[in-house]
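query08.txt follows (compact mmCIF, C-alpha atoms):
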# COMPACT_ATOMS: atom_id res chain seq x y z
CA MET F 110 125.50 44.28 -27.85
CA ASP F 111 129.01 44.40 -26.35
CA ASP F 112 128.09 47.61 -24.50
CA PRO F 113 127.37 46.72 -20.86
CA ASP F 114 125.02 49.70 -20.68
CA CYS F 115 122.88 48.80 -23.69
CA ASP F 116 119.13 48.58 -23.21
CA PRO F 117 118.39 45.21 -21.55
CA ARG F 118 114.98 44.75 -23.15
CA THR F 119 116.36 45.36 -26.64
CA LEU F 120 119.24 43.00 -25.90
CA ALA F 121 116.90 40.26 -24.68
CA ALA F 122 114.77 40.65 -27.81
CA THR F 123 117.91 40.38 -29.94
CA TYR F 124 118.98 37.13 -28.27
CA ARG F 125 115.50 35.67 -28.74
CA ARG F 126 115.45 36.51 -32.45
CA PHE F 127 118.95 35.17 -33.09
CA GLY F 128 117.45 31.69 -33.29
CA LEU F 129 115.61 32.56 -36.48
CA VAL F 130 118.46 34.62 -37.95
CA ASN F 131 121.05 31.91 -37.36
CA ARG F 132 118.74 29.28 -38.81
CA LEU F 133 118.48 31.37 -41.98
CA VAL F 134 122.14 32.32 -42.45
CA SER F 135 124.54 30.35 -40.25
CA ALA F 136 124.61 26.99 -42.09
CA TRP F 137 124.65 24.95 -38.87
CA GLY F 138 122.18 22.49 -40.38
CA HIS F 139 124.72 21.68 -43.08
CA VAL F 140 127.61 21.56 -40.59
CA TYR F 141 125.60 19.24 -38.35
CA ARG F 142 124.82 16.82 -41.20
CA THR F 143 128.32 16.77 -42.66
CA ARG F 144 130.52 17.05 -39.56
CA VAL F 145 128.78 16.90 -36.21
CA ARG F 146 126.41 13.96 -36.74
CA PRO F 147 128.98 11.65 -38.37
CA GLU F 148 131.42 12.31 -35.53
CA LEU F 149 128.84 11.65 -32.84
CA ARG F 150 127.67 8.44 -34.49
CA ALA F 151 131.21 7.16 -34.88
CA LEU F 152 131.90 7.49 -31.15
CA GLY F 153 129.52 4.68 -30.22
CA ARG F 154 129.01 6.15 -26.73
CA PRO F 155 127.47 9.20 -25.03
CA ALA F 156 129.19 12.39 -26.16
CA ARG F 157 129.89 15.87 -24.82
CA VAL F 158 129.76 18.95 -27.06
CA LEU F 159 130.79 22.48 -26.06
CA ASP F 160 129.67 25.76 -27.63
CA LEU F 161 132.16 28.48 -26.63
CA GLY F 162 130.69 31.97 -26.48
CA CYS F 163 127.20 30.50 -26.81
CA GLY F 164 125.38 33.82 -26.53
CA GLY F 165 121.65 33.24 -26.21
CA GLY F 166 122.03 29.49 -26.65
CA ASP F 167 120.13 29.11 -29.91
CA VAL F 168 122.87 27.11 -31.67
CA VAL F 169 123.09 24.68 -28.73
CA ALA F 170 119.31 24.34 -28.70
CA ARG F 171 119.12 23.71 -32.43
CA LEU F 172 121.93 21.15 -32.52
CA ALA F 173 120.57 19.40 -29.44
CA GLY F 174 117.19 19.08 -31.14
CA LEU F 175 118.74 17.65 -34.30
CA ALA F 176 120.81 15.15 -32.32
CA ALA F 177 117.81 14.05 -30.25
CA ARG F 178 115.82 13.48 -33.43
CA ASP F 179 118.68 11.26 -34.65
CA GLY F 180 118.68 9.28 -31.41
CA LEU F 181 122.12 10.48 -30.29
CA ASP F 182 123.02 10.65 -26.60
CA VAL F 183 124.79 13.99 -26.10
CA GLU F 184 125.43 16.38 -23.24
CA TRP F 185 125.40 19.91 -24.68
CA VAL F 186 127.26 22.63 -22.80
CA GLY F 187 127.07 26.31 -23.69
CA ALA F 188 129.67 28.59 -22.11
CA ASP F 189 129.57 32.37 -22.06
CA PRO F 190 131.06 34.82 -19.52
CA ASP F 191 128.32 37.43 -20.13
CA PRO F 192 125.52 37.04 -17.54
CA ARG F 193 123.05 38.73 -19.89
CA ALA F 194 123.70 36.08 -22.54
CA LEU F 195 123.40 33.30 -19.99
CA ALA F 196 120.05 34.61 -18.80
CA ALA F 197 118.75 34.39 -22.37
CA ALA F 198 120.36 30.99 -22.94
CA ARG F 199 118.85 29.46 -19.83
CA GLU F 200 115.39 30.26 -21.16
CA ARG F 201 116.16 27.66 -23.85
CA GLN F 202 117.59 25.08 -21.46
CA ARG F 203 116.20 21.55 -21.73
CA PRO F 204 117.26 18.15 -20.38
CA GLY F 205 120.69 17.30 -21.78
CA MET F 206 121.66 20.97 -22.08
CA ARG F 207 123.35 23.25 -19.58
CA PHE F 208 124.82 26.74 -19.71
CA VAL F 209 127.80 27.91 -17.66
CA SER F 210 129.47 31.25 -17.00
CA GLN F 211 133.02 30.30 -17.96
CA ARG F 212 135.68 31.25 -20.47
CA SER F 213 137.66 28.72 -22.47
CA GLY F 214 140.70 28.99 -20.22
CA GLU F 215 138.59 28.42 -17.11
CA LEU F 216 137.04 25.29 -18.58
CA LEU F 217 140.48 24.02 -19.49
CA ALA F 218 141.87 24.69 -16.01
CA ALA F 219 138.88 22.88 -14.49
CA GLY F 220 139.81 19.73 -16.42
CA GLU F 221 136.82 19.80 -18.75
CA ARG F 222 137.14 17.87 -22.02
CA PHE F 223 134.70 17.42 -24.88
CA ASP F 224 134.22 15.34 -28.01
CA ILE F 225 133.45 18.38 -30.18
CA VAL F 226 134.10 22.08 -29.51
CA LEU F 227 132.40 24.72 -31.64
CA SER F 228 131.56 28.39 -31.74
CA ASN F 229 129.39 30.73 -33.77
CA HIS F 230 130.18 34.40 -34.47
CA VAL F 231 132.90 34.62 -31.83
CA LEU F 232 136.09 35.01 -33.87
CA HIS F 233 135.37 38.48 -35.22
CA HIS F 234 135.04 39.81 -31.66
CA LEU F 235 138.65 38.86 -30.79
CA ASP F 236 141.87 40.78 -31.30
CA ALA F 237 144.95 38.86 -32.49
CA ALA F 238 146.15 37.80 -29.03
CA ALA F 239 142.69 36.76 -27.87
CA LEU F 240 142.11 34.83 -31.10
CA ASP F 241 145.34 32.89 -30.62
CA ALA F 242 144.40 32.02 -27.04
CA PHE F 243 140.84 31.08 -27.97
CA ALA F 244 142.02 28.82 -30.79
CA ALA F 245 144.63 27.14 -28.59
CA ASP F 246 142.16 26.59 -25.74
CA SER F 247 139.55 25.11 -28.05
CA LEU F 248 142.10 22.60 -29.42
CA ALA F 249 143.10 21.62 -25.89
CA LEU F 250 139.46 21.17 -24.84
CA SER F 251 138.45 18.87 -27.72
CA ARG F 252 139.20 15.19 -28.31
CA GLY F 253 137.66 15.49 -31.76
CA PRO F 254 136.70 18.24 -34.21
CA VAL F 255 136.89 21.95 -33.44
CA LEU F 256 134.51 24.00 -35.59
CA HIS F 257 134.49 27.80 -35.41
CA ALA F 258 131.87 29.36 -37.70
CA ASP F 259 131.67 33.02 -38.59
CA ILE F 260 130.59 35.55 -41.19
CA ALA F 261 132.70 36.10 -44.30
CA ARG F 262 133.38 39.81 -44.79
CA GLY F 263 132.37 41.26 -48.14
CA ARG F 264 130.46 44.09 -49.77
CA LEU F 265 127.73 41.84 -51.10
CA ALA F 266 127.21 40.22 -47.70
CA TYR F 267 126.95 43.68 -46.15
CA ALA F 268 124.45 44.93 -48.74
CA LEU F 269 122.25 41.84 -48.65
CA TYR F 270 122.17 41.76 -44.87
CA ALA F 271 121.33 45.46 -44.65
CA VAL F 272 118.25 44.88 -46.80
CA GLY F 273 117.29 41.36 -45.71
CA ILE F 274 117.38 41.94 -41.96
CA ALA F 275 114.89 44.83 -42.07
CA PRO F 276 111.74 42.71 -41.48
CA LEU F 277 113.32 41.05 -38.41
CA SER F 278 115.20 43.90 -36.81
CA SER F 279 112.47 46.00 -35.20
CA GLY F 280 113.05 46.34 -31.46
CA THR F 281 116.45 44.62 -31.62
CA PHE F 282 120.12 45.31 -32.27
CA LEU F 283 120.14 42.90 -35.21
CA ARG F 284 120.76 45.47 -37.92
CA VAL F 285 123.41 47.65 -36.30
CA ASP F 286 125.19 44.75 -34.60
CA GLY F 287 125.08 42.54 -37.70
CA LEU F 288 126.50 45.18 -40.01
CA ARG F 289 129.23 45.99 -37.51
CA SER F 290 130.04 42.27 -37.26
CA ILE F 291 130.37 41.94 -41.04
CA ARG F 292 132.81 44.85 -41.11
CA ARG F 293 134.90 43.24 -38.35
CA SER F 294 134.89 39.71 -39.76
CA TYR F 295 137.45 37.88 -41.91
CA ARG F 296 137.64 36.70 -45.46
CA SER F 297 138.57 33.03 -45.64
CA ASP F 298 142.16 33.69 -46.70
CA GLU F 299 142.63 36.22 -43.90
CA LEU F 300 141.31 33.85 -41.28
CA ALA F 301 143.49 31.00 -42.53
CA ALA F 302 146.56 33.24 -42.35
CA GLU F 303 145.64 34.50 -38.89
CA LEU F 304 145.07 31.03 -37.43
CA GLY F 305 147.86 29.18 -39.24
CA GLY F 306 148.39 25.45 -38.79
CA PRO F 307 146.66 23.12 -37.99
CA TRP F 308 143.58 25.05 -39.06
CA ARG F 309 141.78 24.76 -42.38
CA VAL F 310 139.20 27.36 -43.38
CA GLU F 311 136.21 26.27 -45.46
CA THR F 312 133.15 27.95 -46.95
CA PRO F 313 130.14 25.85 -45.90
CA ALA F 314 127.65 28.30 -47.40
CA PRO F 315 127.68 31.70 -49.12
CA PHE F 316 129.04 34.48 -46.91
CA ARG F 317 130.24 31.98 -44.28
CA VAL F 318 133.62 30.75 -43.07
CA LEU F 319 134.29 27.65 -40.97
CA ALA F 320 137.65 27.14 -39.28
CA VAL F 321 138.24 23.40 -38.81
CA ALA F 322 140.90 21.52 -36.87
CA ARG F 323 141.34 18.34 -34.87
CA GLY F 324 141.51 18.73 -31.12
CA ARG F 325 144.47 17.69 -29.02
CA ALA F 326 142.77 16.65 -25.77
CA ARG F 327 143.54 13.26 -24.30
CA ASP F 328 141.71 11.41 -21.53
Would you give me this structure, written as structure tokens?
Amino acid sequence: MDDPDCDPRTLAATYRRFGLVNRLVSAWGHVYRTRVRPELRALGRPARVLDLGCGGGDVVARLAGLAARDGLDVEWVGADPDPRALAAARERQRPGMRFVSQRSGELLAAGERFDIVLSNHVLHHLDAAALDAFAADSLALSRGPVLHADIARGRLAYALYAVGIAPLSSGTFLRVDGLRSIRRSYRSDELAAELGGPWRVETPAPFRVLAVARGRARD
């Protein structure tokens, strides 16, 4: 999927199917109930939430739906520099959601600030320098929690995904891209060591890691 010359129809099909895959494996329902919803309720005012590297926008769409069901007033912003991802994300766009072609540093320079900053499956794409910059930018963008979710690398995760994704992968990059992502991803102890303070790395579900910190943004 990172290849700019990959087949656009297969890529679009992959983005569309990510909604189902992430619902099955990403644990965002649990993270919403235990971290996102309590934070939003405690604010007592309209909130802004940013998804960095939003891809096809399915995580934004899912969280926005959950928050709307709970009666929470939230502006959801998905940011991704890849125009192909944004095209897929904008198919999911609804009132209260918007998608922008910006990187974390560009949002920071523009003076944007949010009540929660999150990402899904971004960290394993970054080398050490890019990870440091991404983590620092996300802290500077958030007044509240920063939540970066990713896959936990492991042989069992690899084997189960290789078998379990088969019924969903036809006509997509889900199998090859997912297996490559597992190989590139971190174990929880590795991610904690790479990020350092003030980050804490949790395991919200099997085969998942969640890097958690408190943002540093001020109004």
With a cut-off of 12 Å, could you pull out the residues of range 124-188 of chain F touching range 271-275 of chain F and give me the nearest pair of atoms for each, distance in Å to one decimal, using only C-alpha atoms, ordered by chain and ascending number, as CSV?
residue,atom,partner,partner_atom,distance
F:Arg126,CA,F:Ile274,CA,11.1
F:Phe127,CA,F:Ile274,CA,11.3
F:Leu129,CA,F:Ile274,CA,11.0
F:Val130,CA,F:Ile274,CA,8.4
F:Asn131,CA,F:Ile274,CA,11.6
F:Leu133,CA,F:Ile274,CA,10.6
F:Val134,CA,F:Ile274,CA,10.7
Keeping only C-alpha atoms, write those residues as a compact mmCIF listing (two decimals), keeping the file's coordinate frame.
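And here's part_23.txt as it stands now:
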# COMPACT_ATOMS: atom_id res chain seq x y z
CA ARG F 126 115.45 36.51 -32.45
CA PHE F 127 118.95 35.17 -33.09
CA LEU F 129 115.61 32.56 -36.48
CA VAL F 130 118.46 34.62 -37.95
CA ASN F 131 121.05 31.91 -37.36
CA LEU F 133 118.48 31.37 -41.98
CA VAL F 134 122.14 32.32 -42.45
**Long-range neighbours of Arg199 in chain F as an MDAnalysis selection string, 10 Å cut-off, all atoms listed in the file, 3 positions minimum in chain** = chainID F and resid 165:166 187 194:196 202:203 206:209
**Asked** In terms of the shortest atom-to-atom distance over all atoms listed in the file, which of F:Ala197, F:Phe316, F:Leu232, F:Leu248 is closest to Gly214 in chain F?
**Response**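 Closest to Gly214 in chain F of all the choices is F:Leu248.
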Sorted by chain and rising residue number, list the residues of range 276-307 of chain F at most 10 Å from range 311-314 of chain F (counting all atoms listed in the file), each with its closest atom pair and distance in Å to one decimal, as CSV.
residue,atom,partner,partner_atom,distance
F:Arg296,CA,F:Thr312,CA,9.9
F:Ser297,CA,F:Glu311,CA,7.2
F:Asp298,CA,F:Glu311,CA,9.6
F:Ala301,CA,F:Glu311,CA,9.2
**Message:** Report as a list in words all protein, DNA and RNA residues lying within 10 Å of range 136-139 of chain F, evaluated on all atoms listed in the file, omitting residues in the same chain fewer than 4 positions from it.
**Reply:**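 Near neighbours after the sequence-gap exclusion: Asn131, Arg132, Thr143, Arg144, Val145, Val168, Arg171, Leu172, Leu175, Asn229, Ala258, Asp259, Thr312, Pro313, Ala314, Pro315, Phe316, Arg317, Val318 and Leu319 of chain F.
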**Message:** Using Å and a single decimal, report how far CA of Val285 in chain F sits from CA of Pro192 in chain F.
**Reply:**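 Distance between the two atoms: 21.7 Å.
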**Prompt:** What is the CA of Ala326 in chain F to CA of Glu148 in chain F distance in Å?
**Reply:**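 Interatomic distance, CA of Ala326 in chain F to CA of Glu148 in chain F: 15.6 Å.
Nearest to Glu200 in chain F of all the residues F:Val310, F:Ile291, F:Ala170, F:Ala268 is F:Ala170, based on all atoms listed in the file.
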